[in-house]
Every structure is written in C-alpha cells, then in structure tokens.
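First the structure, in the form of structure tokens, and then the observations on it.
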Amino acid sequence: MRVPGMLHGALRLADHARADVLGIDTEAAEALEGVVAVYTGDHVPGQLSVGLIHTDWPVFIPIGGRTSYLGDVLAIVVAETQQIAREAAELIHISYDVHIPFTDASSALDSEEDAVWGLDGNVLSRSVYARGDTDAALADSAHVISEVFETQRVEHAFLEPESTLAVPREDGGLHVYSGGQGVWDDRDQICAVLDLPTDEVSVQLVSNGGAFGGKEDMSNQAQTALAAHLSGRPVKCTLTREQSMLVHAKRHPIRIDLSVGCDGDGKLTGVKARMIGDSGPYASVGMKVLERAAGHASGPYVTPTIDVEAVAVRTNNPVCGAFRGFGANQAQFAMEGALDRLAEKVGITGWEMRSRNVVEPGVIWGPGQRMDDGCLGARQCLEAVKEAYETARSEGKAVGLGLSLKNSGLGNGFKEVARAVIRFREDGQVEVRHCWTEMGQGVHTVALQVAVTELGVEPGRIEVIVDTSRELGAGQTTGSRGTLMAAGSVKAACEAAIADGCQIGVDYPGEYIIDWTNSLEEDVEEPILHSTFGYAAQVVIADPETGKIERVVAAQDVGKAINPTLCEGQVEGAVHMGLGYALTEDFPTDETGRPTNMTLRSLGIIRPKDMPDVDVILVEAPDPGSPYGVKGVGELGLVPTAGAVAAALHQVDGVWRARLPFGVHQPVSP
Amino acid sequence: MQVSMTVNGKAVTADVEPRTLLVHFIRESLSLTGTHVGCETSYCGACTVVVNGRSTKSCTMLAVQADGAEITTIEGLASNGDLHPIQEGFWERHGLQCGYCTPGMIMSAVGLLDENPSPSEDEIRHGLEGNLCRCTGYHNIVKAVEYAAAKMRGEEPAPAEWEVTS
C-alpha cells in the first residue's frame, strides 16, 4: 500500500536482552540525507506501555529504562525511503549497562531478582485446579507413568511480516491500516499511546498474509501511528524478517512433569501435571496460554481425579503468547504420550486405550465441566480413523494415533461479545460488517455465506468490511472463534434486517455473546469452562524401517462445516504445522537471550517435497448451543499431531520421545 | 545507472542505484506489488518472477543484472481479463489461504510447467521446492498445478476431491 506523500518508518531494536539504557544518540541518524525525524520514548504523549491483558509492554524503552528482551523498541526513524530509514536506524547509537538476562524459566522462578523492567516478581500467573485425591488414586493404580515432557519455542513464520500504514486525516485525526488480529484493540492501544480520544483514530483492517496468533499483540502500530501523528505525514513501517522474528510473541516452551495412572483395564485413575512455561518478559496473553494448557491437561478423556498447576514465568527470552492451539498443543503432546505408554503396559493398542477413556455426553471432564452432546464428536473422530489405523497396522507400518480437543473462544469466565452490522445501500449492495480479522482462514467468506443464506441475496451483492467505523470489536480473532462468533453475530444482524424489511441506509446490528463460562478460580459445582469444543483424531503412518512419514489421516469434528473446502484447507495446513512442531521446528535462544534460528530457512518449516499426503475426514457432531452447530476449526488440526508422530516413531525404534522436536526421519537406535 | 527491460510486455527504462534488487525495482519503481518480499534471504520464494523464461527469485538478482531482460510478473499472466490456467487452478482448487506466497508459487509453477508439461505429483513437489507456504500444507497447491498442467495440455482437469467425495 502507498499513499501520496508517504514516508517510511524503521524501528531500532534493542542490542541486549537485559540492559539499562543510558543514552540514545540520534544525531548521526538524523544527519543522514532523507531522514525526516527520529522518535523515541521521550516523544510519547500518552501511555508508554500497551498490552492485551496487562498494560506492561513498552512501545519504546526510554533513556533510564531497561530492555527486557531483544524485541524491545528504542526508536523509530522516519525517512523518505525504506532503505534510508533502515540505514539510519542502525546509525542510532545507544549506550547500555548490560545485565545478565534470565534465559531459563526455572532459574527465573527461583530468583529473587526481577527479570523484567518495572514488573515485580517473575511469576506472571499460576493456574491451579484439582478434583479428588489424585495422589491416592495414583498410588492405588495398576499402572502409573511419570515423565517430564518438554516442548520447544516456535516461531509463527507467517509469510508476510508485520506492516502498518498510518495516515493523518483532514480532520486532525489519524487513519491506520493494520494487519493485526483485532482492529479495535489496535485502535484503543494507539489512542492510549497518543493520548487521543477513540474518535480521533480509525483503524482499518488489511487482510494479512498469515498470523496464527502472532499478530494479536501490537507490533509496530503504535510507533508508526506516533510517527505519522508527530510528523503530520503518512508513515508506513514494515518490519524486516529479522525484526518480525524478534518482536512478536511465540509459542511457549513448556516443561510438563506429568503422572498418569490407570487400572488393569486401562481406565484412567488420575492425572497430575506440573507445568512451567517460559513466557518471556511481557504478559501478552501468556497467562491465558498456560491456563488453557492447564485446562486441557487431561485431553478428551475421563479421569476421576486430577491435580494441575501451570505457571507462566517471566524471562528475557522472546515474549510468548498466542499461537494456534494456545497451550492445548503442549499439554496434549504430554497427555497423549502418557496414554501410549500406559497402553503398552496394559497390552492394548493406542486406539483401544483412547476408546476406553474418551469423553461421552454426561461425563465430568478435566476441571469439572459436565460434557454435553457436542462431545459425541470425540468418539466419532476415533471411529472415523479406525479403519485407516487398523489397515496400516496390518500392513506392517509404524502407526501412531493422537486424539485431542480444543475449546473455541476464550471461555474461562471471560465475557465474549461479537457484533455485526448489516446495511442495505442505495446502489443495491449489502454491507456486512463483522469484527474478525481475515488472515487466510476465510472468515470473510463465512460472513458472506451466512448473509447470503439468511438474506437470500446474491453473493455478488455482499461487501464484507472490517473497520472501526462501528463499535463492533471485542478483542482478538483468536481461539478458533471467528466462524462461531461471526456466524452468530451476522445471523442475528440479518434477522434484525429481515424483521424490519431490510430498509436502505439503516444499520442493522446483531450480536453473539458468550457470557456463561466460569473461571478456574470460581467455586462452582460443574463449572462450564468453555462454550464449545472441537475434537480431532489423527493417524500418522510411517515407514517401519526409516521412520519417514508417509501419510496422515486427519479426522476433525467441526460441528457444522460452513465451508467444507475451507475446513479441509485448515486441517491440511494445521497438519503441516503439526508435523513441523513434531519433527523439525524450533526457535531456541542462546545464553544472551538471542534466538539462534534467525532466518526462515533455519526454522525447520516443512517444504513441499517433505510433506506427506494428508487425508482429511470432516466429522459433524453439532454443538447443541452454537449457531448452526458450529465449533471452531483453525487450531485443533495440529494439536494431536505431535503425539501421533511420537507413537509412530516409537514403533520404528522402540524409543519413547518426550522432548520436541524429534528431528526428521531419524529413528534412534533402542 | 540506467536499466531497460521488458516487463509484462512493456518496455521500461529507469535510473536505479546499482545496489537495487530486482524485487525492489519491480515493487517500488514499477509499482507492481503483486511480487512479494517474504524472507529477504532467498528462501521463501514469495518474490519469484519469470526472467527470460526461467522462474527466478527476484531478491537474488540486482535490477542492473536484469538489464535487457524479458520479465513476467504475476500481473502479466492474465490476458484480456482471462486468468492464466495456473491462476485458474489456484482458484478452482483452493490453492491459497492468506495468499502471500501465491504469486511466487504461481510464477514458479510457470517455469515448472514450461520445462515439464506433465509433471507427476512428486515432480511438482520438487519443482516448488524453493517456495514456502505456511497456510495450506501444499496439498491444494499441488492440486492447483495438476489442474493447470491438464488445462495447458488441452485436457480436462481431474475433478476436485470434494467433487468426488460429495
């Protein structure tokens, strides 16, 4: 995108993960021909920090402040060209007093010293719940597995780096084009930083080139908006790939100390989990990721006792936050591993083990939720892959199975509101405004389909729009809730329009609200943690000699497939990401807190020739309480994958794997 | 330095700094922004264009190295509003999600099908080796190229999986 008179912005990031900033010398940068201005924390008129849950993430580290990770921003340069801006950013001289960073979550947890500038203590959050006497149940169990599972940090690697364009409006306000995952959050945070009322900043969504959770937090929106606001000129800022990798939040590495017991028939008796997640310096949504990991600790299984604690720890490693699966991946990699180890002890297959423990309507799940008919999808997924599982085993293949669940939306007591507006225009077009970000998943198509279905108009007449011209927003496009809540709110808006005769030039609002969930802390019998869950079973089929994965059969319960082609695409892409998670992807840091895989090449993303066939089976077990029976789709497809790969590779070499990633096609000698 | 080349059938001449990459020349000087920058390290293939008949990552060459060259970008594929068969394949087989890798994938497929009009699935996967996609798992991208290959050979493409199963 470009507009007349546009300048280019470039960020200057920190040189050290934990260092006092003694001085920021911008003279050389400002002297470079083509540089218009350099802005630092001193120029911020409003709040210095932003954040989706805690307001703890500085948009600049000012002189006198302290960096807390390598993605911290020190300055933004504004120049006539992108090249000049980036060159000038490197010319800014920053003097530091360097401190040893906390790069290990356990050490940070044990330390009296604060890892992060301005924040007390290194515990971001602690999510705890228990049901029954788990220790006693485990002691009485016929079989118990106790093992430490470790998962790695992962980079989203969306193909399009973060980019923002901020344009001064004629009325003195600012119009911002953002590729973020929630434009109302973007607007509110920009306004807080610029100290402007919300009617002076409008934010328009630019459908982005992939996000996967990595574009939820602000990246460069605030700095770019500040630069445009102060310079009075349009400013566009696109992060370099390296900056993108340094700045945005990653998938949490979590250390899971897990004990699971079962009786002689393989029926689970207890689950005890202690999780420590490295959340990096700022909150982002890290506490929610660990809360979700805790909630999903038992997977889609019934256990009479459970005892879980999950701690999010502040360190000076990259910030960790939302990433497709949101803690469910880590927790269920461990749980699936335990289940397979127990199945071996009992002497039954992985499929049979899951069949004996899978949730059914009416049972109490995990933190205490009584499951409704929506959970029929779990068994249906298991049944859907049974033939592929047994056939591959009979052919002598190395076969692994994973079964998982993932909630849709936020839940855990959070009130979720989605709004939509239908407006019939003079020219015959119908505007459908909803509040979710299009990032390749097809939520605009879903909104269009719902409007076409409800209003009975031709698709060509529908214009789907997401902007802050109406107050529709309720946070991030996250937690696989886009389809669920867009469908609900657009449907309601259509119904309002129909009830009023679809008059031209009238805003017909609709909303979909989920306000009936309970938090983990609430003391209620049978809490409803989440409004709906999706289920997925995956069979990973590998060569028994080499361990090379040949095929993945992925059954996924989506409740109702609003658009089957989009659903299948989501599952295929998720399996690709799940195989990368299992085998090759990693984003480690060294002892200075610096990531060591700093190119797309080094991230270990699976390439076309290494990607096995994926057979998708869509299962529709409708959610009894959601519009059209919809459940979430986006995240779940990579939740069971790593566990299934581990089980398949165990059949190759007899080694139980507990640490991600495993390395590609390299069976270990037993 | 002055460079002259033919881009999408049109002769262009411009002054560029010698260090200007071809991709930046295409995007900034010619305002053809369908060619994307993904990785800046010649890995992801989002910047792929066709240079003198060969699929080329336009971040791996300087604009001055393309002096005199014939270049096709994604904008030059469709003719008179009709999609190129490869574009049509991506449309018909849902070969994209976010769309950021798509122009590069398509331009790589142009070179691939030019060299091998009847590629096997394996040959397509190897042919797209230099292009990264984070959304699709490549499944439908392969199907899209298979669709295009059939079309370009004058054959009827095989029906989509969802047409067969539903």
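To be explicit about the labels: the chains of the structure tokens are called A, B, and onward in the order shown, and within each one the residues are counted from 1, while ligands get numbers from 1 in the order they are shown.
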**Report entry** All residues 7 Å or closer to Glu336 in chain A, only C-alpha atoms, same chain fewer than 3 positions away omitted, as JSON, numbers by chain
**Finding:** {"A": [332, 333, 339, 340, 402, 643]}
Query raised in the report: Residues at most 9 Å from range 153-159 of chain B, counting only C-alpha atoms, excluding those fewer than 5 positions away in the same chain, as a ChimeraX atom specification?
Result: /B:117-118,146-148,164
For the residues selected in the previous step, produce a file with N, CA, C and O atoms as an mmCIF file, in the first residue's frame.
```
data_model
loop_
_atom_site.group_PDB
_atom_site.id
_atom_site.type_symbol
_atom_site.label_atom_id
_atom_site.label_comp_id
_atom_site.auth_asym_id
_atom_site.auth_seq_id
_atom_site.Cartn_x
_atom_site.Cartn_y
_atom_site.Cartn_z
ATOM 1 N N PRO B 117 5.630 -30.284 -18.999
ATOM 2 C CA PRO B 117 4.174 -30.079 -19.104
ATOM 3 C C PRO B 117 3.343 -31.167 -18.416
ATOM 4 O O PRO B 117 2.170 -30.966 -18.169
ATOM 5 N N SER B 118 3.945 -32.301 -18.113
ATOM 6 C CA SER B 118 3.190 -33.389 -17.477
ATOM 7 C C SER B 118 3.893 -33.871 -16.207
ATOM 8 O O SER B 118 4.310 -35.028 -16.122
ATOM 9 N N GLU B 146 -1.579 -29.378 -10.839
ATOM 10 C CA GLU B 146 -2.056 -30.508 -11.650
ATOM 11 C C GLU B 146 -3.218 -30.072 -12.553
ATOM 12 O O GLU B 146 -3.282 -30.443 -13.724
ATOM 13 N N TYR B 147 -4.102 -29.283 -11.992
ATOM 14 C CA TYR B 147 -5.239 -28.746 -12.766
ATOM 15 C C TYR B 147 -4.722 -27.947 -13.957
ATOM 16 O O TYR B 147 -5.141 -28.145 -15.101
ATOM 17 N N ALA B 148 -3.755 -27.045 -13.658
ATOM 18 C CA ALA B 148 -3.221 -26.180 -14.709
ATOM 19 C C ALA B 148 -2.507 -26.988 -15.788
ATOM 20 O O ALA B 148 -2.653 -26.726 -16.982
ATOM 21 N N VAL B 164 -15.574 -35.358 -5.948
ATOM 22 C CA VAL B 164 -15.630 -36.816 -5.996
ATOM 23 C C VAL B 164 -16.321 -37.366 -4.751
ATOM 24 O O VAL B 164 -17.167 -38.239 -4.826
#
```
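Minimum atom-to-atom distance to chain A, evaluated using only C-alpha atoms, belongs to B:Leu132 out of B:Leu112, B:Ile106, B:Leu132, B:Ala150.
Excluding range 33-37 of chain A and any residue on its chain fewer than 6 positions from it, the residues at most 9 Å away by only C-alpha atoms are Leu7, Ile76, Val77, Val78, Ala79, Glu80, Thr81, Ile84, Ala85, Ala88, Ala227 and Ser231 of chain A.
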Report task. Give as an MDAnalysis selection string every residue of chain B that touches chain A within 8 Å, counting only C-alpha atoms. Result -> chainID B and resid 37:41 43:44 94 96:101 122 125:126 128:129 131:140 162
May I have the residues from that selection written out with N, CA and C atoms, as a short mmCIF file (atom, residue, chain, number, x, y, z; two decimals), in the first residue's frame?
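Output (result34.cif):
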```cif
data_model
loop_
_atom_site.label_atom_id
_atom_site.label_comp_id
_atom_site.auth_asym_id
_atom_site.auth_seq_id
_atom_site.Cartn_x
_atom_site.Cartn_y
_atom_site.Cartn_z
N VAL B 37 7.76 -9.67 -0.87
CA VAL B 37 9.01 -9.90 -0.15
C VAL B 37 8.66 -10.67 1.13
N GLY B 38 9.19 -11.87 1.27
CA GLY B 38 8.84 -12.65 2.46
C GLY B 38 9.99 -12.80 3.43
N CYS B 39 11.15 -13.26 2.93
CA CYS B 39 12.20 -13.66 3.88
C CYS B 39 13.44 -12.80 3.81
N GLU B 40 13.69 -12.15 2.69
CA GLU B 40 14.90 -11.36 2.48
C GLU B 40 16.16 -12.21 2.46
N THR B 41 16.01 -13.52 2.41
CA THR B 41 17.19 -14.38 2.41
C THR B 41 17.11 -15.44 1.31
N TYR B 43 14.92 -17.51 0.40
CA TYR B 43 14.46 -18.85 0.78
C TYR B 43 12.99 -19.09 0.46
N CYS B 44 12.15 -18.09 0.70
CA CYS B 44 10.71 -18.37 0.72
C CYS B 44 10.06 -18.38 -0.67
N HIS B 94 -8.64 -24.18 -4.62
CA HIS B 94 -8.41 -23.54 -3.32
C HIS B 94 -6.93 -23.67 -2.93
N LEU B 96 -4.81 -21.54 -2.12
CA LEU B 96 -4.25 -20.48 -1.27
C LEU B 96 -5.14 -20.26 -0.06
N GLN B 97 -4.52 -19.73 0.98
CA GLN B 97 -5.31 -19.25 2.11
C GLN B 97 -5.03 -17.76 2.30
N CYS B 98 -3.90 -17.41 2.91
CA CYS B 98 -3.66 -15.98 3.10
C CYS B 98 -3.26 -15.30 1.80
N GLY B 99 -2.69 -16.06 0.87
CA GLY B 99 -2.40 -15.51 -0.45
C GLY B 99 -1.02 -14.88 -0.60
N TYR B 100 -0.27 -14.81 0.49
CA TYR B 100 1.00 -14.09 0.40
C TYR B 100 2.04 -14.84 -0.44
N CYS B 101 2.05 -16.15 -0.34
CA CYS B 101 3.02 -16.93 -1.12
C CYS B 101 2.55 -17.16 -2.55
N ASP B 122 5.11 -35.88 -7.43
CA ASP B 122 6.43 -35.76 -6.85
C ASP B 122 7.26 -34.68 -7.55
N ARG B 125 6.08 -31.32 -6.43
CA ARG B 125 6.58 -31.00 -5.08
C ARG B 125 8.06 -30.61 -5.12
N HIS B 126 8.83 -31.31 -5.92
CA HIS B 126 10.24 -30.92 -6.05
C HIS B 126 10.39 -29.61 -6.81
N LEU B 128 8.46 -27.11 -6.71
CA LEU B 128 8.10 -25.98 -5.85
C LEU B 128 8.96 -25.93 -4.59
N GLU B 129 10.03 -26.67 -4.64
CA GLU B 129 10.98 -26.78 -3.54
C GLU B 129 11.38 -25.43 -2.93
N ASN B 131 9.74 -22.70 -2.72
CA ASN B 131 8.64 -21.83 -2.30
C ASN B 131 8.02 -22.35 -1.01
N LEU B 132 7.90 -21.43 -0.07
CA LEU B 132 7.38 -21.79 1.24
C LEU B 132 5.93 -21.32 1.38
N CYS B 133 5.09 -22.19 1.95
CA CYS B 133 3.73 -21.79 2.30
C CYS B 133 3.51 -22.19 3.75
N ARG B 134 2.94 -21.29 4.55
CA ARG B 134 2.73 -21.59 5.96
C ARG B 134 1.28 -21.95 6.25
N CYS B 135 0.41 -21.78 5.23
CA CYS B 135 -1.02 -21.97 5.50
C CYS B 135 -1.57 -23.32 5.03
N THR B 136 -1.21 -23.74 3.83
CA THR B 136 -2.00 -24.78 3.16
C THR B 136 -1.51 -26.21 3.36
N GLY B 137 -0.26 -26.37 3.75
CA GLY B 137 0.29 -27.72 3.76
C GLY B 137 0.59 -28.23 2.35
N TYR B 138 0.48 -27.33 1.37
CA TYR B 138 0.84 -27.58 -0.04
C TYR B 138 -0.14 -28.48 -0.80
N HIS B 139 -1.01 -29.15 -0.08
CA HIS B 139 -1.86 -30.16 -0.72
C HIS B 139 -2.62 -29.56 -1.91
N ASN B 140 -3.34 -28.47 -1.65
CA ASN B 140 -4.15 -27.88 -2.72
C ASN B 140 -3.30 -27.11 -3.73
N TRP B 162 -13.34 -32.78 -3.51
CA TRP B 162 -14.66 -32.57 -2.90
C TRP B 162 -15.78 -32.84 -3.90
#
```
Requested in this report: May I have the residues within 10 Å of Gly479 in chain A as number ranges by chain, using only C-alpha atoms and disregarding those fewer than 6 positions away in the same chain?
Outcome: A: 212-213, 322-326, 406-411, 632-636
Create the file for the chosen residues now, containing C-alpha atoms and written as a PDB file, in the first residue's frame.
```pdb
ATOM      1  CA  PHE A 212      -1.612 -17.789  13.521  1.00  0.00           C
ATOM      2  CA  GLY A 213      -1.798 -15.764  16.736  1.00  0.00           C
ATOM      3  CA  ALA A 322      -0.894 -16.759  21.234  1.00  0.00           C
ATOM      4  CA  PHE A 323      -0.030 -19.387  18.645  1.00  0.00           C
ATOM      5  CA  ARG A 324      -2.535 -21.716  17.022  1.00  0.00           C
ATOM      6  CA  GLY A 325      -3.517 -24.202  19.707  1.00  0.00           C
ATOM      7  CA  PHE A 326      -2.801 -21.865  22.609  1.00  0.00           C
ATOM      8  CA  LYS A 406      -9.600 -27.712  21.780  1.00  0.00           C
ATOM      9  CA  ASN A 407     -12.053 -25.176  23.053  1.00  0.00           C
ATOM     10  CA  SER A 408     -13.374 -22.394  20.849  1.00  0.00           C
ATOM     11  CA  GLY A 409     -13.016 -18.845  22.031  1.00  0.00           C
ATOM     12  CA  LEU A 410     -11.728 -17.640  25.358  1.00  0.00           C
ATOM     13  CA  GLY A 411     -14.085 -19.143  27.914  1.00  0.00           C
ATOM     14  CA  GLY A 632     -14.002 -23.942  15.965  1.00  0.00           C
ATOM     15  CA  VAL A 633     -11.692 -25.227  13.241  1.00  0.00           C
ATOM     16  CA  GLY A 634      -8.417 -23.374  12.980  1.00  0.00           C
ATOM     17  CA  GLU A 635      -6.246 -24.527  15.844  1.00  0.00           C
ATOM     18  CA  LEU A 636      -7.232 -28.079  16.553  1.00  0.00           C
TER      19      LEU A 636
END
```
Query raised in the report: Quick one: residues within 8 Å of range 318-321 of chain A, only C-alpha atoms counted, chain neighbours fewer than 5 positions away excluded, as a VMD selection string?
Result: chain A and resid 69 to 71 213 to 214 246 to 252 278 to 286 289 326 593 595
What's the 7 Å shell around range 58-65 of chain B, counting only C-alpha atoms, without same-chain residues fewer than 2 positions away, as a compact mmCIF listing (two decimals) with all heavy atoms, in the first residue's frame?
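Result written to result-v5.txt:
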```txt
# COMPACT_ATOMS: atom_id res chain seq x y z
N VAL B 3 18.67 1.30 -16.45
CA VAL B 3 18.35 -0.07 -16.88
C VAL B 3 17.12 -0.03 -17.78
O VAL B 3 16.23 0.80 -17.61
CB VAL B 3 18.07 -1.02 -15.69
CG1 VAL B 3 19.31 -1.29 -14.89
CG2 VAL B 3 16.96 -0.49 -14.82
N PRO B 18 22.84 1.15 -8.22
CA PRO B 18 23.37 -0.17 -8.62
C PRO B 18 23.01 -1.28 -7.63
O PRO B 18 22.89 -2.43 -8.01
CB PRO B 18 24.89 0.05 -8.64
CG PRO B 18 25.07 1.51 -8.85
CD PRO B 18 23.90 2.18 -8.19
N ARG B 19 22.80 -0.94 -6.34
CA ARG B 19 22.54 -1.98 -5.34
C ARG B 19 21.05 -2.37 -5.27
O ARG B 19 20.68 -3.21 -4.45
CB ARG B 19 22.99 -1.49 -3.96
CG ARG B 19 22.27 -0.24 -3.51
CD ARG B 19 22.71 0.21 -2.14
NE ARG B 19 22.11 1.50 -1.80
CZ ARG B 19 22.18 2.03 -0.59
NH1 ARG B 19 22.81 1.40 0.37
NH2 ARG B 19 21.62 3.20 -0.34
N THR B 20 20.22 -1.77 -6.10
CA THR B 20 18.78 -2.06 -6.03
C THR B 20 18.49 -3.50 -6.48
O THR B 20 18.88 -3.90 -7.58
CB THR B 20 17.99 -1.09 -6.92
OG1 THR B 20 18.33 0.24 -6.55
CG2 THR B 20 16.49 -1.30 -6.78
N LEU B 21 17.80 -4.22 -5.63
CA LEU B 21 17.41 -5.58 -6.01
C LEU B 21 16.27 -5.52 -7.03
O LEU B 21 15.46 -4.59 -7.02
CB LEU B 21 16.94 -6.37 -4.78
CG LEU B 21 18.01 -6.70 -3.73
CD1 LEU B 21 17.35 -7.33 -2.50
CD2 LEU B 21 19.05 -7.64 -4.31
N LEU B 22 16.22 -6.54 -7.85
CA LEU B 22 15.16 -6.59 -8.87
C LEU B 22 13.78 -6.52 -8.21
O LEU B 22 12.88 -5.83 -8.71
CB LEU B 22 15.31 -7.86 -9.70
CG LEU B 22 14.25 -8.06 -10.79
CD1 LEU B 22 14.26 -6.90 -11.80
CD2 LEU B 22 14.46 -9.39 -11.52
N VAL B 23 13.62 -7.20 -7.09
CA VAL B 23 12.30 -7.20 -6.45
C VAL B 23 11.90 -5.79 -6.02
O VAL B 23 10.75 -5.39 -6.17
CB VAL B 23 12.24 -8.19 -5.25
CG1 VAL B 23 13.19 -7.80 -4.12
CG2 VAL B 23 10.82 -8.28 -4.72
N PHE B 25 12.98 -3.02 -7.37
CA PHE B 25 12.72 -2.28 -8.61
C PHE B 25 11.30 -2.55 -9.11
O PHE B 25 10.55 -1.63 -9.45
CB PHE B 25 13.76 -2.69 -9.68
CG PHE B 25 13.53 -2.03 -11.01
CD1 PHE B 25 13.79 -0.68 -11.18
CD2 PHE B 25 13.04 -2.78 -12.09
CE1 PHE B 25 13.58 -0.06 -12.41
CE2 PHE B 25 12.82 -2.17 -13.31
CZ PHE B 25 13.10 -0.81 -13.47
N GLU B 40 13.69 -12.15 2.69
CA GLU B 40 14.90 -11.36 2.48
C GLU B 40 16.16 -12.21 2.46
O GLU B 40 17.27 -11.69 2.54
CB GLU B 40 15.04 -10.27 3.56
CG GLU B 40 13.86 -9.31 3.58
CD GLU B 40 13.73 -8.53 4.87
OE1 GLU B 40 14.43 -8.86 5.84
OE2 GLU B 40 12.93 -7.59 4.91
N SER B 42 16.37 -15.15 0.27
CA SER B 42 16.30 -16.02 -0.91
C SER B 42 15.77 -17.41 -0.60
O SER B 42 16.16 -18.38 -1.24
CB SER B 42 17.68 -16.16 -1.57
OG SER B 42 18.22 -14.90 -1.80
N CYS B 47 8.92 -13.88 -3.89
CA CYS B 47 9.30 -12.84 -4.86
C CYS B 47 9.55 -13.41 -6.25
O CYS B 47 10.08 -12.72 -7.11
CB CYS B 47 10.55 -12.12 -4.36
SG CYS B 47 12.00 -13.20 -4.33
N THR B 48 9.17 -14.66 -6.50
CA THR B 48 9.50 -15.31 -7.77
C THR B 48 8.82 -14.62 -8.95
O THR B 48 7.62 -14.35 -8.92
CB THR B 48 9.09 -16.80 -7.72
OG1 THR B 48 9.69 -17.40 -6.59
CG2 THR B 48 9.52 -17.52 -8.99
N VAL B 49 9.61 -14.35 -9.98
CA VAL B 49 9.09 -13.85 -11.26
C VAL B 49 9.75 -14.68 -12.37
O VAL B 49 10.63 -15.50 -12.09
CB VAL B 49 9.43 -12.35 -11.47
CG1 VAL B 49 8.78 -11.50 -10.37
CG2 VAL B 49 10.93 -12.11 -11.50
N THR B 56 12.57 -17.18 -11.37
CA THR B 56 13.74 -16.62 -10.68
C THR B 56 13.27 -15.88 -9.43
O THR B 56 12.29 -15.14 -9.48
CB THR B 56 14.46 -15.61 -11.61
OG1 THR B 56 14.78 -16.27 -12.83
CG2 THR B 56 15.72 -15.05 -10.96
N ASP B 67 19.10 -6.02 -16.85
CA ASP B 67 19.11 -5.09 -17.98
C ASP B 67 18.95 -5.88 -19.28
O ASP B 67 19.69 -6.85 -19.52
CB ASP B 67 20.43 -4.30 -17.99
CG ASP B 67 20.38 -3.14 -18.98
OD1 ASP B 67 19.33 -2.48 -19.07
OD2 ASP B 67 21.39 -2.92 -19.66
```
**Report entry** DSSP alpha helix (DSSP H) residues within chain B, as a PyMOL selection string
**Finding:** chain B and resi 22-24+85-92+102-115+121-127+139-152+161-165
Query - Long-range neighbours of Val110 in chain B as JSON, numbers by chain, 8 Å cut-off, only C-alpha atoms, 5 positions minimum in chain - result: {"B": [50, 55, 86]}
Pull all heavy atoms from the residues just selected and write them as a PDB file, in the first residue's frame.
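Below is the file that was written, selection-v6.pdb:
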```pdb
ATOM      1  N   VAL B  50       9.295 -14.489 -13.586  1.00  0.00           N
ATOM      2  CA  VAL B  50       9.924 -15.203 -14.702  1.00  0.00           C
ATOM      3  C   VAL B  50      10.856 -14.233 -15.436  1.00  0.00           C
ATOM      4  O   VAL B  50      10.428 -13.169 -15.870  1.00  0.00           O
ATOM      5  CB  VAL B  50       8.856 -15.779 -15.652  1.00  0.00           C
ATOM      6  CG1 VAL B  50       9.519 -16.371 -16.896  1.00  0.00           C
ATOM      7  CG2 VAL B  50       8.021 -16.836 -14.936  1.00  0.00           C
ATOM      8  N   SER B  55      11.874 -19.262 -14.067  1.00  0.00           N
ATOM      9  CA  SER B  55      11.411 -18.777 -12.755  1.00  0.00           C
ATOM     10  C   SER B  55      12.621 -18.382 -11.918  1.00  0.00           C
ATOM     11  O   SER B  55      13.568 -19.159 -11.777  1.00  0.00           O
ATOM     12  CB  SER B  55      10.631 -19.877 -12.030  1.00  0.00           C
ATOM     13  OG  SER B  55       9.456 -20.171 -12.744  1.00  0.00           O
ATOM     14  N   ILE B  86      -2.839 -21.452 -14.678  1.00  0.00           N
ATOM     15  CA  ILE B  86      -2.300 -21.703 -13.330  1.00  0.00           C
ATOM     16  C   ILE B  86      -3.068 -20.873 -12.299  1.00  0.00           C
ATOM     17  O   ILE B  86      -3.414 -21.362 -11.225  1.00  0.00           O
ATOM     18  CB  ILE B  86      -0.786 -21.394 -13.265  1.00  0.00           C
ATOM     19  CG1 ILE B  86      -0.033 -22.269 -14.268  1.00  0.00           C
ATOM     20  CG2 ILE B  86      -0.256 -21.655 -11.853  1.00  0.00           C
ATOM     21  CD1 ILE B  86       1.452 -21.955 -14.381  1.00  0.00           C
TER      22      ILE B  86
END
```
**Report entry** Residue list (strand (DSSP E), DSSP) for range 145-183 of chain A, as an MDAnalysis selection string
**Finding:** chainID A and resid 145:150 163:168 174:178
Report summary line: If you count only C-alpha atoms, the residue of B:Phe90, B:Ser79, B:Pro103, B:Thr72 closest to Ala144 in chain B turns out to be B:Phe90
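When CA of Gln449 in chain A is paired with CA of Gly475 in chain A, their separation reads 22.9 Å.
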